[in-house]
Amino acid sequence: KPAENGPAIMNAFVDAVGHAPVMPEWGMGYWHSRNRYSSQGMLLDAAKGFHQRGVNVSVIGNPTPLSNRPVLGGAKVASGTVIDYMHWVHMGDFSFDPKSWPDVPGMMKTLESYGMRVMVSAWPFLSKGSVNRQALVDAGEAMTVQGTSSPVGWDDNNCCESGGGPCAIYDPTQQSAREYIWSKLHSGYYKFGIKVFEYRTPDTFLGSDSALTEF
């Protein structure tokens with residue numbers, strides 16, 4: 001009977017497709033985020049507030065050293081900070097706007113002193129102002145409308161910079177494109193100690209009229 005065989009079916013399924021990794025200890029507590037942090041100062045003020053009030057969170061910041069943190073399910077709870085969208089100059093730059101985030105190494109040092117980790121929300125979209133768009137389009141590493149060489153466009157207020165038109169989208173099915181994007185994520189974030197990423201796209205993008213409906 002299916003109801004009785006459910007666990008066995010799921011065990012066989014994950015054996016076939018792969019097992020999810022165990023959540024790291026630092027990620028098992030409260031993750032704090034908001035619509036976005038628009039600047040380094042705004043983020044550090046929030047982190048400092050949690051630190052001073054002794055608020056134990058898992059993503060934006062546990063105020064106490066790991067050795068003193070409360071135990072959750074037998075594990076010490078560490079912490080982190082979520083930096084969401086529009087922290088860049090142009091969507092698709094995969095780096096911080098230096099005017100709003102002038103000292104990323106210093107920021108990371110402060111957050112580390114609070115025992116906090118950082119997660120960055122990245123997006124696969126490349127606005128016309130992005131320093132990475134043309135290289136990917138020229139290399140054929142951006143998604144194209146089926147049967148054409150025209151890049152698929154994603155249109156919203158984050159992409160239409162000064163009338164620049166819709167964003168292109170990098171093609172994750174190509175290894176060279178994945179390697180290019182990772183190189184930018186590495187130079188823009190990872191080298192500063194940011195090793196947690198949320199790589200996302202809006203659910204509404206894959207609508208019934210989307211060129212990617214069959215993708």
# chains A, B, ... in the order shown; residues from 1 in each chain; ligands from 1
$ residues_around --residues "stretch 38-48 of chain A" --least-positions-apart "6" --cutoff "8 Å" --atoms "only C-alpha atoms" --output "NGL selection string"
:A and (60-61 or 86-87 or 100-104 or 107 or 111)
$ residues_around --residues "A:Arg36" --least-positions-apart "4" --cutoff "7 Å" --atoms "only C-alpha atoms" --output "PyMOL selection string"
chain A and resi 83-85
$ atom_distance --atom1 "atom CA of A:Met28" --atom2 "atom CA of A:Val55"
15.1 Å
$ closest_residue --among "A:Trp123, A:Met91, A:Tyr190, A:Val82" --to "A:Arg34" --atoms "only C-alpha atoms"
A:Val82
$ closest_residue --among "A:Lys184, A:Ile169, A:Pro98, A:Lys109" --to "A:Val131" --atoms "only C-alpha atoms"
A:Lys184
